[in-house]
$ cat coords.cif   # mmCIF, C-alpha atoms and all ligand atoms
data_model
#
loop_
_atom_site.label_atom_id
_atom_site.label_comp_id
_atom_site.auth_asym_id
_atom_site.auth_seq_id
_atom_site.Cartn_x
_atom_site.Cartn_y
_atom_site.Cartn_z
CA MET A 88 -36.21 -1.16 -13.61
CA ASN A 89 -33.63 -0.14 -16.19
CA LEU A 90 -32.15 3.32 -16.34
CA LEU A 91 -31.27 5.23 -19.49
CA ILE A 92 -28.97 8.24 -19.28
CA LYS A 93 -29.70 10.26 -22.41
CA ASN A 94 -27.61 12.68 -24.45
CA GLY A 95 -24.73 13.19 -22.02
CA ARG A 96 -21.07 13.67 -22.82
CA VAL A 97 -19.72 10.32 -21.67
CA VAL A 98 -16.15 10.62 -20.39
CA ASP A 99 -14.39 7.44 -19.26
CA PRO A 100 -10.59 7.72 -19.11
CA SER A 101 -10.27 3.94 -18.62
CA GLN A 102 -11.41 3.36 -22.21
CA GLY A 103 -10.33 6.66 -23.75
CA LEU A 104 -13.98 7.55 -24.24
CA ASP A 105 -15.22 11.12 -24.68
CA ALA A 106 -18.37 11.28 -26.80
CA ILE A 107 -22.01 12.30 -26.73
CA ALA A 108 -23.87 9.07 -26.13
CA ASP A 109 -26.66 7.31 -24.27
CA VAL A 110 -25.86 4.90 -21.43
CA LEU A 111 -28.20 2.04 -20.63
CA ILE A 112 -28.04 0.53 -17.15
CA SER A 113 -29.62 -2.82 -16.52
CA ASP A 114 -29.58 -4.91 -13.31
CA GLY A 115 -27.14 -2.49 -11.69
CA LYS A 116 -24.61 -2.89 -14.50
CA ILE A 117 -23.59 -0.82 -17.51
CA ALA A 118 -25.42 -2.64 -20.32
CA LYS A 119 -24.82 -0.50 -23.41
CA ILE A 120 -23.25 2.77 -24.54
CA ASP A 121 -24.29 4.01 -27.95
CA GLY A 122 -25.01 7.19 -29.89
CA HIS A 123 -28.74 6.59 -29.61
CA ILE A 124 -30.49 4.02 -27.48
CA GLU A 125 -34.28 3.61 -27.56
CA GLY A 126 -35.67 2.39 -24.28
CA SER A 127 -39.08 1.13 -23.36
CA ASN A 128 -39.99 0.57 -19.73
CA VAL A 129 -36.94 2.53 -18.59
CA GLU A 130 -36.43 5.43 -16.23
CA VAL A 131 -34.75 8.26 -18.15
CA PHE A 132 -32.11 10.64 -16.79
CA ASP A 133 -31.75 13.55 -19.18
CA ALA A 134 -28.05 14.43 -19.21
CA LYS A 135 -28.11 16.90 -22.11
CA GLY A 136 -25.33 19.43 -21.53
CA LEU A 137 -23.90 17.32 -18.71
CA VAL A 138 -20.90 15.01 -18.34
CA VAL A 139 -21.49 11.34 -17.53
CA ALA A 140 -18.48 9.97 -15.66
CA PRO A 141 -17.67 6.84 -13.68
CA GLY A 142 -18.72 7.23 -10.04
CA PHE A 143 -16.32 9.30 -7.97
CA ILE A 144 -14.45 7.51 -5.19
CA ASP A 145 -13.20 9.24 -2.05
CA ALA A 146 -10.52 7.09 -0.43
CA HIS A 147 -10.31 9.29 2.69
CA THR A 148 -13.49 10.07 4.64
CA HIS A 149 -14.30 10.23 8.34
CA LEU A 150 -17.85 8.98 8.97
CA ARG A 151 -17.28 9.19 12.76
CA GLU A 152 -19.44 6.14 13.52
CA PRO A 153 -19.14 4.56 16.06
CA GLY A 154 -18.57 6.97 18.90
CA TYR A 155 -18.74 10.45 17.44
CA GLU A 156 -22.23 10.43 15.93
CA GLY A 157 -22.69 14.02 17.13
CA LYS A 158 -20.19 15.04 14.43
CA GLU A 159 -21.38 12.64 11.68
CA ASP A 160 -22.77 9.16 11.20
CA ILE A 161 -23.06 6.64 8.38
CA GLU A 162 -26.37 8.04 7.20
CA SER A 163 -25.49 11.74 7.25
CA GLY A 164 -21.97 11.19 5.91
CA THR A 165 -23.05 9.03 3.00
CA LYS A 166 -25.91 11.41 2.18
CA ALA A 167 -23.29 14.16 2.08
CA ALA A 168 -21.28 11.98 -0.31
CA ALA A 169 -24.31 11.40 -2.55
CA ALA A 170 -25.13 15.12 -2.52
CA GLY A 171 -21.57 15.89 -3.59
CA GLY A 172 -21.64 13.30 -6.39
CA ILE A 173 -19.42 10.73 -4.67
CA THR A 174 -20.54 7.13 -5.02
CA THR A 175 -17.93 5.35 -2.87
CA VAL A 176 -16.22 6.50 0.31
CA PHE A 177 -13.55 4.79 2.42
CA CYS A 178 -14.15 5.43 6.12
CA MET A 179 -11.26 5.96 8.49
CA ALA A 180 -10.67 3.98 11.69
CA ASN A 181 -10.24 6.83 14.21
CA THR A 182 -13.63 6.26 15.79
CA ASP A 183 -14.54 5.25 19.36
CA PRO A 184 -13.93 2.37 19.65
CA VAL A 185 -11.17 2.42 17.08
CA ILE A 186 -11.83 -0.04 14.23
CA ASP A 187 -9.02 -2.41 15.14
CA SER A 188 -10.62 -5.89 15.15
CA SER A 189 -12.58 -8.09 12.76
CA ILE A 190 -15.66 -7.91 15.01
CA LEU A 191 -15.68 -4.14 14.73
CA VAL A 192 -15.15 -4.28 10.95
CA SER A 193 -18.05 -6.74 10.62
CA GLY A 194 -20.30 -4.67 12.88
CA LEU A 195 -19.56 -1.52 10.95
CA LYS A 196 -20.17 -3.24 7.63
CA GLU A 197 -23.50 -4.51 8.89
CA ARG A 198 -24.58 -0.97 9.84
CA ILE A 199 -23.29 0.34 6.52
CA ALA A 200 -25.41 -2.23 4.66
CA ARG A 201 -28.49 -0.92 6.46
CA LYS A 202 -27.85 2.81 6.48
CA ALA A 203 -25.48 3.98 3.75
CA ALA A 204 -26.66 6.00 0.77
CA VAL A 205 -23.50 5.20 -1.23
CA ASN A 206 -20.89 2.42 -1.22
CA VAL A 207 -18.60 2.42 1.81
CA GLU A 208 -15.30 0.59 2.17
CA VAL A 209 -13.89 0.17 5.67
CA ILE A 210 -10.31 1.05 6.58
CA GLY A 211 -8.99 -0.79 9.64
CA ALA A 212 -6.45 0.51 12.14
CA VAL A 213 -2.79 -0.49 11.87
CA THR A 214 -2.19 -0.50 15.62
CA LYS A 215 -4.51 -1.30 18.50
CA GLY A 216 -6.35 1.80 19.65
CA LEU A 217 -4.21 3.87 17.23
CA LYS A 218 -1.62 3.90 19.99
CA GLY A 219 1.28 3.00 17.72
CA GLU A 220 2.44 0.32 20.14
CA GLU A 221 0.98 -3.02 19.12
CA LEU A 222 -0.20 -4.22 15.73
CA ALA A 223 -3.93 -4.67 15.27
CA GLU A 224 -5.26 -7.94 13.81
CA MET A 225 -4.94 -6.78 10.23
CA GLY A 226 -5.20 -10.30 8.80
CA ASP A 227 -8.54 -10.92 10.48
CA MET A 228 -9.79 -7.48 9.50
CA ALA A 229 -8.77 -8.10 5.88
CA GLU A 230 -10.76 -11.32 5.98
CA ALA A 231 -13.74 -9.42 7.38
CA GLY A 232 -13.48 -7.07 4.39
CA ALA A 233 -11.24 -4.16 5.41
CA ILE A 234 -9.94 -2.51 2.24
CA ALA A 235 -6.70 -1.05 3.67
CA PHE A 236 -5.15 -0.02 6.99
CA SER A 237 -4.37 3.33 8.54
CA ASP A 238 -3.80 5.04 11.89
CA ASP A 239 -4.93 8.27 10.20
CA GLY A 240 -4.62 11.25 12.49
CA ARG A 241 -1.47 9.72 14.03
CA TRP A 242 1.94 8.85 12.61
CA ILE A 243 3.36 5.49 13.69
CA ALA A 244 6.59 6.87 15.07
CA ASN A 245 8.10 3.55 16.16
CA SER A 246 10.05 2.40 13.09
CA ARG A 247 10.18 -1.22 14.22
CA ILE A 248 6.40 -1.36 14.51
CA PHE A 249 5.90 0.42 11.20
CA ARG A 250 8.26 -2.02 9.51
CA SER A 251 6.31 -4.96 10.97
CA ALA A 252 3.03 -3.36 9.88
CA LEU A 253 4.27 -3.05 6.30
CA GLU A 254 5.52 -6.65 6.28
CA TYR A 255 2.33 -8.00 7.83
CA ALA A 256 0.02 -6.10 5.46
CA SER A 257 2.04 -7.14 2.43
CA ALA A 258 1.46 -10.81 3.32
CA PHE A 259 -2.14 -10.29 2.18
CA ASP A 260 -1.35 -7.58 -0.38
CA LYS A 261 -2.94 -4.72 1.56
CA ILE A 262 -1.86 -1.10 1.57
CA ILE A 263 -0.78 0.83 4.68
CA ILE A 264 -1.95 4.44 4.52
CA SER A 265 0.32 6.72 6.54
CA HIS A 266 -0.52 10.02 8.19
CA ALA A 267 3.06 11.16 7.77
CA GLU A 268 3.91 13.85 10.29
CA ASP A 269 6.70 13.73 12.85
CA GLU A 270 4.73 14.54 15.99
CA THR A 271 7.80 15.54 17.99
CA LEU A 272 8.57 18.29 15.51
CA ALA A 273 4.92 19.25 14.98
CA ALA A 274 4.16 19.36 18.71
CA GLY A 275 2.89 22.68 19.96
CA GLY A 276 2.09 23.91 16.45
CA TYR A 277 -1.40 24.72 15.22
CA MET A 278 -0.92 25.87 11.63
CA ASN A 279 1.79 25.97 8.95
CA GLU A 280 5.00 27.57 10.20
CA GLY A 281 5.79 30.66 8.16
CA LEU A 282 5.09 34.33 7.66
CA THR A 283 1.34 33.95 8.25
CA SER A 284 1.77 32.05 11.53
CA THR A 285 4.24 34.70 12.71
CA LYS A 286 1.82 37.51 11.83
CA LEU A 287 -1.05 35.74 13.59
CA GLY A 288 1.09 34.82 16.58
CA ILE A 289 0.09 31.16 16.23
CA PRO A 290 2.88 28.60 16.81
CA GLY A 291 3.62 26.77 13.56
CA ILE A 292 4.25 23.27 12.23
CA PRO A 293 7.21 23.22 9.82
CA ALA A 294 6.92 21.45 6.46
CA ALA A 295 9.94 19.44 7.63
CA ALA A 296 7.67 17.52 10.04
CA GLU A 297 5.98 15.96 7.02
CA ASP A 298 9.15 15.58 4.96
CA ILE A 299 10.91 13.65 7.75
CA ALA A 300 7.99 11.27 8.23
CA VAL A 301 7.55 10.66 4.49
CA ALA A 302 11.29 9.96 4.14
CA ARG A 303 11.22 7.41 6.97
CA ASP A 304 8.08 5.74 5.62
CA ILE A 305 9.56 5.46 2.14
CA ILE A 306 12.81 3.99 3.47
CA LEU A 307 10.84 1.28 5.27
CA ALA A 308 8.63 0.63 2.23
CA GLU A 309 11.83 0.15 0.24
CA LEU A 310 13.28 -2.17 2.89
CA THR A 311 10.16 -4.35 3.05
CA GLY A 312 9.00 -4.15 -0.56
CA ALA A 313 5.53 -3.46 0.85
CA ARG A 314 2.85 -1.08 -0.45
CA LEU A 315 2.81 2.32 1.23
CA HIS A 316 0.25 5.04 0.54
CA VAL A 317 0.99 8.53 1.84
CA ALA A 318 -2.15 10.34 3.00
CA HIS A 319 -2.88 14.04 2.37
CA VAL A 320 0.51 15.16 0.98
CA SER A 321 0.95 18.87 1.67
CA THR A 322 4.63 19.76 1.19
CA LYS A 323 6.97 20.33 -1.72
CA GLY A 324 9.57 18.12 -0.02
CA ALA A 325 7.16 15.19 0.36
CA VAL A 326 6.16 15.40 -3.31
CA GLU A 327 9.81 15.29 -4.33
CA LEU A 328 10.59 12.35 -2.01
CA ILE A 329 7.66 10.38 -3.45
CA ARG A 330 8.68 11.28 -7.01
CA GLN A 331 12.23 10.00 -6.43
CA ALA A 332 11.02 6.85 -4.64
CA LYS A 333 8.65 6.00 -7.48
CA ALA A 334 11.50 6.44 -9.95
CA ARG A 335 13.52 3.89 -7.93
CA GLY A 336 10.64 1.43 -8.05
CA VAL A 337 9.48 1.75 -4.45
CA LYS A 338 5.81 0.70 -4.12
CA VAL A 339 4.65 4.06 -2.86
CA THR A 340 1.48 5.87 -3.86
CA ALA A 341 0.00 9.09 -2.55
CA GLU A 342 -3.04 11.30 -2.27
CA ALA A 343 -3.69 15.03 -2.05
CA THR A 344 -6.78 16.65 -0.63
CA VAL A 345 -8.82 19.17 -2.55
CA HIS A 346 -8.13 21.76 0.17
CA HIS A 347 -4.35 21.30 0.07
CA MET A 348 -4.52 21.81 -3.70
CA THR A 349 -6.65 24.95 -3.60
CA LEU A 350 -6.12 26.86 -0.34
CA THR A 351 -3.09 28.39 1.34
CA ASP A 352 -2.45 29.16 4.99
CA SER A 353 -3.96 32.58 4.40
CA ALA A 354 -7.36 30.81 4.79
CA VAL A 355 -6.55 30.74 8.51
CA VAL A 356 -6.30 34.56 8.75
CA GLY A 357 -8.92 35.83 11.16
CA TYR A 358 -8.27 32.73 13.28
CA ASN A 359 -10.67 30.79 11.07
CA THR A 360 -10.99 27.38 12.71
CA ALA A 361 -12.88 26.04 9.67
CA ALA A 362 -9.51 26.08 7.89
CA LYS A 363 -7.65 24.30 10.70
CA VAL A 364 -6.71 20.91 9.31
CA SER A 365 -4.01 18.30 9.72
CA PRO A 366 -1.60 18.51 7.98
CA PRO A 367 -2.00 22.29 7.94
CA LEU A 368 -2.72 24.38 4.86
CA ARG A 369 0.63 25.52 3.46
CA THR A 370 2.00 28.37 1.35
CA ALA A 371 1.49 28.88 -2.39
CA GLU A 372 4.85 27.27 -3.15
CA HIS A 373 3.74 24.01 -1.55
CA VAL A 374 0.28 24.16 -3.13
CA GLU A 375 1.93 24.57 -6.52
CA ALA A 376 4.21 21.56 -5.89
CA VAL A 377 1.26 19.38 -4.82
CA ARG A 378 -0.66 20.39 -7.94
CA ARG A 379 2.34 19.51 -10.10
CA GLY A 380 2.56 16.17 -8.32
CA VAL A 381 -1.07 15.39 -9.08
CA LYS A 382 -0.67 16.51 -12.67
CA ASP A 383 2.36 14.30 -13.39
CA GLY A 384 1.01 11.29 -11.48
CA THR A 385 3.49 11.44 -8.59
CA ILE A 386 0.37 11.88 -6.47
CA ASP A 387 -2.05 9.23 -7.68
CA ILE A 388 -5.41 10.33 -6.32
CA ILE A 389 -7.40 13.30 -5.03
CA VAL A 390 -9.38 12.84 -1.79
CA THR A 391 -11.52 14.96 0.49
CA ASP A 392 -10.30 13.98 3.99
CA HIS A 393 -13.89 14.87 4.93
CA ALA A 394 -13.37 15.36 8.68
CA PRO A 395 -16.56 16.71 10.25
CA HIS A 396 -16.59 18.48 13.61
CA SER A 397 -19.52 20.22 15.26
CA PHE A 398 -19.85 23.99 15.41
CA LYS A 399 -19.44 23.77 19.18
CA ASP A 400 -16.13 21.88 18.81
CA LYS A 401 -14.79 24.48 16.37
CA ASP A 402 -16.18 27.60 18.05
CA VAL A 403 -13.23 27.92 20.41
CA GLU A 404 -9.87 29.68 20.49
CA PHE A 405 -7.81 28.59 17.45
CA ARG A 406 -5.36 26.42 19.34
CA TYR A 407 -8.11 24.39 21.03
CA ALA A 408 -10.13 23.68 17.87
CA PRO A 409 -9.86 20.15 16.45
CA ASN A 410 -8.32 19.61 13.02
CA GLY A 411 -10.61 18.82 10.13
CA ALA A 412 -12.86 20.22 7.44
CA VAL A 413 -15.78 18.71 5.57
CA GLY A 414 -15.29 18.15 1.86
CA LEU A 415 -17.73 15.63 0.41
CA GLU A 416 -20.23 18.28 -0.71
CA THR A 417 -17.68 20.68 -2.16
CA SER A 418 -14.85 18.57 -3.61
CA ILE A 419 -16.21 18.25 -7.15
CA ALA A 420 -17.22 21.90 -7.33
CA VAL A 421 -13.89 23.13 -5.99
CA ALA A 422 -11.90 20.77 -8.23
CA LEU A 423 -13.90 21.84 -11.29
CA THR A 424 -13.53 25.54 -10.49
CA ASP A 425 -9.94 25.70 -9.28
CA LEU A 426 -8.29 22.80 -11.08
CA TYR A 427 -10.29 22.13 -14.27
CA HIS A 428 -11.55 25.59 -15.33
CA THR A 429 -8.12 27.06 -14.58
CA GLY A 430 -6.48 24.52 -16.91
CA ILE A 431 -4.43 22.85 -14.17
CA LEU A 432 -6.05 19.46 -14.81
CA THR A 433 -7.89 18.30 -17.90
CA LEU A 434 -11.35 16.84 -17.31
CA GLU A 435 -9.94 13.41 -18.06
CA GLU A 436 -7.17 13.88 -15.47
CA MET A 437 -9.64 15.06 -12.85
CA ILE A 438 -11.94 12.08 -13.45
CA ASP A 439 -8.95 9.75 -13.37
CA ARG A 440 -7.61 11.05 -10.04
CA MET A 441 -11.06 11.04 -8.42
CA SER A 442 -12.47 7.80 -9.83
CA ALA A 443 -10.41 5.51 -12.06
CA ALA A 444 -7.13 5.89 -10.15
CA PRO A 445 -8.49 5.15 -6.64
CA SER A 446 -10.28 2.13 -8.10
CA ARG A 447 -7.04 0.84 -9.65
CA LEU A 448 -5.01 1.57 -6.55
CA PHE A 449 -7.30 -0.33 -4.19
CA SER A 450 -8.33 -2.99 -6.74
CA LEU A 451 -12.02 -2.05 -6.74
CA ASP A 452 -14.57 -3.24 -9.29
CA ARG A 453 -15.55 0.31 -10.31
CA GLY A 454 -14.14 3.59 -11.59
CA ASN A 455 -15.05 2.87 -15.21
CA LEU A 456 -18.07 2.66 -17.49
CA LYS A 457 -17.13 -0.53 -19.30
CA ILE A 458 -19.95 -2.83 -20.38
CA GLY A 459 -20.73 -5.23 -17.55
CA SER A 460 -19.21 -2.96 -14.88
CA ARG A 461 -21.07 -1.99 -11.77
CA ALA A 462 -23.22 1.04 -12.59
CA ASP A 463 -21.78 3.73 -10.34
CA VAL A 464 -22.03 7.00 -12.22
CA THR A 465 -21.40 10.65 -11.41
CA ILE A 466 -23.10 13.28 -13.56
CA LEU A 467 -21.31 16.62 -13.71
CA ASP A 468 -22.59 20.04 -14.66
CA LEU A 469 -19.32 21.72 -15.62
CA ASN A 470 -20.70 25.24 -15.72
CA LYS A 471 -23.32 25.50 -12.98
CA GLU A 472 -22.66 28.68 -11.00
CA TRP A 473 -23.49 28.46 -7.30
CA THR A 474 -22.39 29.64 -3.89
CA ILE A 475 -21.18 27.25 -1.21
CA GLU A 476 -23.32 27.55 1.94
CA GLY A 477 -22.52 25.19 4.79
CA ARG A 478 -25.98 25.47 6.32
CA LYS A 479 -27.35 23.59 3.29
CA PHE A 480 -25.06 20.57 3.75
CA TYR A 481 -26.38 17.08 4.43
CA SER A 482 -23.30 16.59 6.63
CA LYS A 483 -23.88 17.28 10.31
CA SER A 484 -20.92 19.64 10.13
CA LYS A 485 -21.80 22.92 8.46
CA LEU A 486 -18.36 24.51 8.68
CA THR A 487 -16.34 24.76 5.49
CA PRO A 488 -13.26 26.77 4.57
CA PHE A 489 -15.05 27.45 1.27
CA GLU A 490 -18.04 29.19 2.92
CA GLY A 491 -19.57 31.87 0.71
CA LYS A 492 -17.31 31.07 -2.24
CA ARG A 493 -18.85 31.27 -5.68
CA ARG A 494 -18.09 28.12 -7.69
CA ARG A 495 -18.46 27.04 -11.31
CA GLY A 496 -19.31 23.36 -11.60
CA LYS A 497 -21.28 20.89 -9.53
CA ALA A 498 -22.36 17.27 -9.39
CA ALA A 499 -25.82 17.09 -10.97
CA GLY A 500 -26.46 13.43 -10.31
CA ALA A 501 -25.15 10.32 -8.61
CA ILE A 502 -26.05 6.75 -9.45
CA VAL A 503 -25.05 3.88 -7.16
CA ASN A 504 -25.46 0.29 -8.32
CA GLY A 505 -27.80 1.45 -11.07
CA LYS A 506 -30.05 3.50 -8.76
CA ILE A 507 -30.27 7.29 -8.80
CA VAL A 508 -29.32 8.45 -5.29
CA MET A 509 -28.99 12.16 -6.04
CA LYS A 510 -30.46 14.48 -8.63
CA ASP A 511 -29.82 18.25 -8.80
CA GLY A 512 -28.28 18.20 -5.34
CA ILE A 513 -31.27 16.49 -3.71
CA VAL A 514 -30.55 13.10 -2.12
CA LEU A 515 -33.37 10.70 -2.98
O1 LIG B 601 -7.69 17.36 9.58
C1 LIG B 601 -7.72 16.20 9.92
N1 LIG B 601 -8.75 15.71 10.66
N2 LIG B 601 -6.73 15.39 9.58
C2 LIG B 601 -6.65 14.12 10.03
O2 LIG B 601 -5.75 13.42 9.64
C3 LIG B 601 -7.62 13.61 11.01
C4 LIG B 601 -8.91 14.32 10.84
C5 LIG B 601 -9.94 14.04 11.90
O3 LIG B 601 -10.15 12.86 12.24
O4 LIG B 601 -10.60 14.97 12.33
#
$ encode --input "coords.cif" --output "structure tokens"
Amino acid sequence: MNLLIKNGRVVDPSQGLDAIADVLISDGKIAKIDGHIEGSNVEVFDAKGLVVAPGFIDAHTHLREPGYEGKEDIESGTKAAAAGGITTVFCMANTDPVIDSSILVSGLKERIARKAAVNVEVIGAVTKGLKGEELAEMGDMAEAGAIAFSDDGRWIANSRIFRSALEYASAFDKIIISHAEDETLAAGGYMNEGLTSTKLGIPGIPAAAEDIAVARDIILAELTGARLHVAHVSTKGAVELIRQAKARGVKVTAEATVHHMTLTDSAVVGYNTAAKVSPPLRTAEHVEAVRRGVKDGTIDIIVTDHAPHSFKDKDVEFRYAPNGAVGLETSIAVALTDLYHTGILTLEEMIDRMSAAPSRLFSLDRGNLKIGSRADVTILDLNKEWTIEGRKFYSKSKLTPFEGKRRRGKAAGAIVNGKIVMKDGIVL
């Protein structure tokens, strides 16, 4: 059956489009965009007063399957994505077993095909078991369909191995995504090092731990000519290093999470483990620098780093709680409220960083509403007022650093391959 999205404000940065129009979807593809389309035998989505955008892509999600299904699984994680208006997620390799072979990539893709509510791309590990000692079979994993490679959660401290990883991945034009944090300097720290950590009496992690790792990674990307992507940038120094490297022509790209763009380390006050993430939430000065980086394109994309943990895991003394916060069901609302309505990003910039740019970066066939493109669409209600309540999440993890926060803006619909998967927050 065909689908007709009526009367929405269609915004597609890839074609400079911002107009009230109807969008006809046929056979899972965008068939026509016009001021008025008459449809017979079509399902109609009334988008009056809403924005019709290319489907949002989250290039950094933890679905936790296999191994940690108590925290999340393919079904619950992708339902959370659909509920939040995200039509593609990339799942990270820090599962049990770690996704470090083609067999595991194929097995995961087979389960995704059966269970996922949205598109899922698989990220393979860079090193076997994420141990940072021996390269994983990236070539085989690429052949099995891995989109990129990352030891997310761990920095590959051995420079010789990281150099080899970059060289190996560049042989098949794949990107290495680095969790850039010098673990020797970060060791023993549980939050950002600064005034707040001192007041709370929690040992801190200095921003320098990230700056050092980003500097090393960039130097090796420059040496090898390979493509490096820096995950969850959180420091002013890292933004500046990436800015300078880009200006020199180094093939480096970067991402920022919604939480690092909108929260400071004061979210941890009260020993709030829901706000314990890696890298840690920083001070306003760093948040401001990350926002500037996203605005001027130094940081290419915005991600969630949706990292679900159970209530039991998090309901412990601050230092023992695992790092991670869910984000799939709040990212659009928080970005609209704190980045768009505040004038930090235009709507076009926000849609670019959360849809078109990740598609370009990872050479996906989506992130736009061009005729003939795959019909992944996110419908936004820019002004919907609502309160974030974790207990209503589709994710198995109900803990969010945004709990109880009033927000203006929400995803009102999600369409994947021409099929409505979410309407008014309900996953279909
Ligand atoms: O906060 C985080 N949690 N950051 C990471 O890089 C890993 C993630 C996890 O897997 O829980």
$ residues_near_ligand --input "coords.cif" --ligand "ligand LIG 601 (chain B)" --cutoff "6 Å" --atoms "all atoms listed in the file" --output "JSON, numbers by chain"
{"A": [239, 240, 364, 365, 394, 410, 411]}
$ residues_around --input "coords.cif" --residues "A:Lys510" --least-positions-apart "3" --cutoff "7 Å" --atoms "all atoms listed in the file" --output "list in words"
Ala499, Gly500, Ala501, Ile513 and Val514 of chain A
$ closest_residue --input "coords.cif" --among "A:Ala294, A:Leu426, A:Val464, A:Ala108" --to "A:Pro141" --atoms "only C-alpha atoms"
A:Val464
$ atom_distance --input "coords.cif" --atom1 "atom CA of A:Thr424" --atom2 "atom CA of A:Arg378"
14.1 Å
$ residues_around --input "coords.cif" --residues "stretch 285-291 of chain A" --least-positions-apart "6" --cutoff "12 Å" --atoms "all atoms listed in the file" --output "JSON, numbers by chain"
{"A": [272, 273, 274, 275, 276, 277, 278, 279, 352, 353, 354, 355, 356, 357, 358, 359, 363, 366, 367, 368, 369, 404, 405, 406, 407]}
$ closest_residue --input "coords.cif" --among "A:Asp187, A:Asp392, A:Asp133, A:Glu375" --to "A:Ala412" --atoms "only C-alpha atoms"
A:Asp392
$ closest_atom_pairs --input "coords.cif" --of "stretch 327-407 of chain A" --to "stretch 164-174 of chain A" --cutoff "12 Å" --atoms "only C-alpha atoms" --output "Markdown table"
| residue | atom | partner | partner_atom | distance |
| --- | --- | --- | --- | --- |
| A:Val390 | CA | A:Ile173 | CA | 10.7 |
| A:Thr391 | CA | A:Ala168 | CA | 10.2 |
| A:Asp392 | CA | A:Ala168 | CA | 12.0 |
| A:His393 | CA | A:Gly164 | CA | 8.9 |
| A:Ala394 | CA | A:Gly164 | CA | 10.0 |
| A:Pro395 | CA | A:Gly164 | CA | 8.9 |
| A:His396 | CA | A:Gly164 | CA | 11.9 |
$ write_last_selection --input "coords.cif" --atoms "C-alpha atoms" --output "short mmCIF file (atom, residue, chain, number, x, y, z; two decimals), in the coordinates of the input"
data_model
loop_
_atom_site.label_atom_id
_atom_site.label_comp_id
_atom_site.auth_asym_id
_atom_site.auth_seq_id
_atom_site.Cartn_x
_atom_site.Cartn_y
_atom_site.Cartn_z
CA VAL A 390 -9.38 12.84 -1.79
CA THR A 391 -11.52 14.96 0.49
CA ASP A 392 -10.30 13.98 3.99
CA HIS A 393 -13.89 14.87 4.93
CA ALA A 394 -13.37 15.36 8.68
CA PRO A 395 -16.56 16.71 10.25
CA HIS A 396 -16.59 18.48 13.61
#
$ residues_around --input "coords.cif" --residues "A:Leu150" --least-positions-apart "3" --cutoff "10 Å" --atoms "only C-alpha atoms" --output "ChimeraX atom specification"
/A:147,153,155-156,158-165,176-182,207,393-395,482
$ write_last_selection --input "coords.cif" --atoms "C-alpha atoms" --output "PDB file, in the frame of the given file"
ATOM      1  CA  HIS A 147     -10.310   9.290   2.690  1.00  0.00           C
ATOM      2  CA  PRO A 153     -19.140   4.560  16.060  1.00  0.00           C
ATOM      3  CA  TYR A 155     -18.740  10.450  17.440  1.00  0.00           C
ATOM      4  CA  GLU A 156     -22.230  10.430  15.930  1.00  0.00           C
ATOM      5  CA  LYS A 158     -20.190  15.040  14.430  1.00  0.00           C
ATOM      6  CA  GLU A 159     -21.380  12.640  11.680  1.00  0.00           C
ATOM      7  CA  ASP A 160     -22.770   9.160  11.200  1.00  0.00           C
ATOM      8  CA  ILE A 161     -23.060   6.640   8.380  1.00  0.00           C
ATOM      9  CA  GLU A 162     -26.370   8.040   7.200  1.00  0.00           C
ATOM     10  CA  SER A 163     -25.490  11.740   7.250  1.00  0.00           C
ATOM     11  CA  GLY A 164     -21.970  11.190   5.910  1.00  0.00           C
ATOM     12  CA  THR A 165     -23.050   9.030   3.000  1.00  0.00           C
ATOM     13  CA  VAL A 176     -16.220   6.500   0.310  1.00  0.00           C
ATOM     14  CA  PHE A 177     -13.550   4.790   2.420  1.00  0.00           C
ATOM     15  CA  CYS A 178     -14.150   5.430   6.120  1.00  0.00           C
ATOM     16  CA  MET A 179     -11.260   5.960   8.490  1.00  0.00           C
ATOM     17  CA  ALA A 180     -10.670   3.980  11.690  1.00  0.00           C
ATOM     18  CA  ASN A 181     -10.240   6.830  14.210  1.00  0.00           C
ATOM     19  CA  THR A 182     -13.630   6.260  15.790  1.00  0.00           C
ATOM     20  CA  VAL A 207     -18.600   2.420   1.810  1.00  0.00           C
ATOM     21  CA  HIS A 393     -13.890  14.870   4.930  1.00  0.00           C
ATOM     22  CA  ALA A 394     -13.370  15.360   8.680  1.00  0.00           C
ATOM     23  CA  PRO A 395     -16.560  16.710  10.250  1.00  0.00           C
ATOM     24  CA  SER A 482     -23.300  16.590   6.630  1.00  0.00           C
TER      25      SER A 482
END
$ closest_residue --input "coords.cif" --among "A:Lys215, A:His266, A:His316, A:Lys333" --to "A:Ala300" --atoms "only C-alpha atoms"
A:His266
$ closest_residue --input "coords.cif" --among "A:Val139, A:Ala420, A:Leu451, A:Ile438" --to "A:Lys492" --atoms "all atoms listed in the file"
A:Ala420
